[in-house]
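To keep things clear, I will list the structure first and then write my remarks on it.
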Amino acid sequence: MVTQRGRRDAADSPGRAPRRPRRPGTPDADNAPTAEIPAVPAGRNGDAPEAVRAKSIPEAAVARLAVYLRVLSGMRDQGATTVSSEELSQAAGVNSAKLRKDLSYLGSYGTRGVGYEVGVLVSQIERILGLTRQHKVAVVGIGNLGHALANYGGFPGRGFPVEALFDLDGDLIGVPVGGLPVSHMDDIPRICAERGISIGVIATPPTAAQSVCDRLVAGGVQCILNFAPVVLQVPAHIEVRKVDLAVELQILSFHVARRADDAAAADQGNSGLRPHGAPSENGNGRRNGSGPDGGREMVVRS
């Protein structure tokens with residue numbers, strides 16, 4: 001559940017004067033310059049401006065920023081230099097108002113009639129997501145899923161090089177997968193500390209997941225991506241993201257079933273079969289339910 005914070009409208013707040021209407025020519029989220037990011041003062045604890053800005057972004061918006069970055073990176077690779085909020089929102093699957101709100105957390109505003117600068121947005125989002133530096137990844141559990149993750153070539157290019165692989169199977173220990181030899185799970189704390197692993201991926205059976213998690217935390221891993229269908233117990237400073245593929249498939253199953261029900265109802269309404277309660281021909285060549293004076297007559301139900 002995402003906690004949403006916001007200000008009450010001035011007109012609804014007791015003791016406060018109503019908010020004045022915007023004056024003509026006042027910049028809004030579409031016509032302020034994009035190239036410059038407004039300065040953000042350091043926090044009370046001496047946090048850097050980027051850290052202060054990052055703390056103010058809701059988690060749901062962070063997830064959408066990652067989607068925007070993927071879309072924008074593709075546009076940049078195709079040679080695009082600017083993009084409108086409507087184009088970007090359609091490509092990302094969100095409405096344009098929400099997109100402009102999300103981008104305003106970065107201090108980025110589009111120019112009316114021009115849109116957003118693609119390169120500027122990419123660099124801003126990468127900086128706020130912490131992608132200006134690499135995050136070394138360890139994959140634990142080299143089964144079918146772990147094998148695929150270890151061989152996936154998209155991670156290094158996005159700043160997530162896989163630097164360590166672990167498993168319990170003696171037949172896998174020392175065998176290279178994706179160019180890396182598989183190490184034993186008992187060595188997780190030592191190897192993760194030595195190689196500076198910051199993200200651990202758990203792709204083990206559920207019975208082993210908590211033990212693996214404890215070893216990753218002991219090795220200094222700060223964030224864990226968990227594919228095992230269990231809830232992990234971690235210290236407060238550890239961030240865990242859970243990916244339950246079975247749950248995702250069940251959610252998709254719901255949508256498939258709902259659409260099938262809608263299609264069946266539509267087919268019944270559009271078919272030549274007379275549904276229950278529909279008027280039928282009577283002996284006088286008129287349809288029941290339509291009297292000679294336009295009034296209602298008896299409806300014959302079959």
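We name chains A, B, ... following the order of the structure tokens; residues begin at 1 in each chain, and ligands are numbered from 1 as shown.
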
Task: Leu225 in chain A surroundings by only C-alpha atoms, 9 Å radius, close-in-sequence under 4 positions cut, as a list in words - done: Ile199, Gly200, Val201, Ile202, Ala203, Glu239, Val240, Arg241, Lys242 and Val243 of chain A

Task: Those of range 66-282 of chain A in DSSP helix (DSSP H, G or I), formatted as number ranges by chain - done: A: 66-77, 85-92, 96-104, 118-128, 144-151, 154-157, 185-195, 206-218, 245-270

Open item on the list: One decimal, in Å: what's the spacing between CA of Asp102 in chain A and CA of Gln134 in chain A?
Closed with: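 For CA of Asp102 in chain A relative to CA of Gln134 in chain A, the distance reads 24.2 Å.
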
TODO: With a distance cut-off of 7 Å and only C-alpha atoms, select the neighbouring residues of range 147-154 of chain A, excluding the residue or stretch itself and same-chain residues fewer than 5 positions from it, and output the selection as a list in words.
DONE: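 Near neighbours after the sequence-gap exclusion: Val139, Ile142, Val162, Val177 and Gly178 of chain A.
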
TODO: Just list the residues in range 19-263 of chain A DSSP gives strand (DSSP E) on the backbone, as an MDAnalysis selection string.
DONE: chainID A and resid 82:83 116:117 137:140 162:167 176:177 180:184 199:202 223:226 239:242

Open item on the list: Calculated over only C-alpha atoms, which of the candidates A:Leu180, A:Val140, A:Val217, A:Ala92 has the smallest distance to Gln233 in chain A?
Closed with: A:Val217

- [ ] Between CA of Met185 in chain A and CA of Gly157 in chain A, measure the distance and give it in Å to one decimal.
- [x]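 For CA of Met185 in chain A relative to CA of Gly157 in chain A, the distance reads 26.7 Å.
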
Task: Non-local contacts of Val83 in chain A (9 Å; only C-alpha atoms; under 6 positions in same chain excluded) as a ChimeraX atom specification - done: /A:72,75,114-118

Could you save the residues just selected, with C-alpha atoms, as a PDB file, in the first residue's frame?
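The resulting selection-v9.pdb:
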```pdb
ATOM      1  CA  LEU A  72      12.799   7.281 -23.408  1.00  0.00           C
ATOM      2  CA  MET A  75      13.277   6.822 -28.298  1.00  0.00           C
ATOM      3  CA  VAL A 114       7.962  21.515 -28.030  1.00  0.00           C
ATOM      4  CA  GLY A 115       7.655  18.945 -25.250  1.00  0.00           C
ATOM      5  CA  TYR A 116      10.451  17.384 -23.214  1.00  0.00           C
ATOM      6  CA  GLU A 117      14.069  16.977 -24.206  1.00  0.00           C
ATOM      7  CA  VAL A 118      14.655  13.235 -24.375  1.00  0.00           C
TER       8      VAL A 118
END
```

- [ ] Tell me, as a PyMOL selection string, which residues lie within 12 Å of Asp167 in chain A, counting only C-alpha atoms; anything in the same chain fewer than 4 positions away does not count.
- [x] chain A and resi 138-143+146-147+171-175+177+181-188+202-205+208-209+212

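Distance annotation: of A:Gly74, A:Gly179, A:Gly79, A:Pro58, the residue with the minimal separation from Lys101 in chain A is A:Pro58; atom set is only C-alpha atoms.
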
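Across A:Leu216, A:Val120, A:Leu65, A:Ala236, the tightest approach to Phe166 in chain A is made by A:Leu216 when counting only C-alpha atoms.
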
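One finds CA of Arg127 in chain A at 28.1 Å from CA of Cys213 in chain A.
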
Task: For Ser89 in chain A: contacts at 10 Å, only C-alpha atoms, fewer than 3 positions along chain excluded, given as a ChimeraX atom specification - done: /A:68,71,83-86,92-100
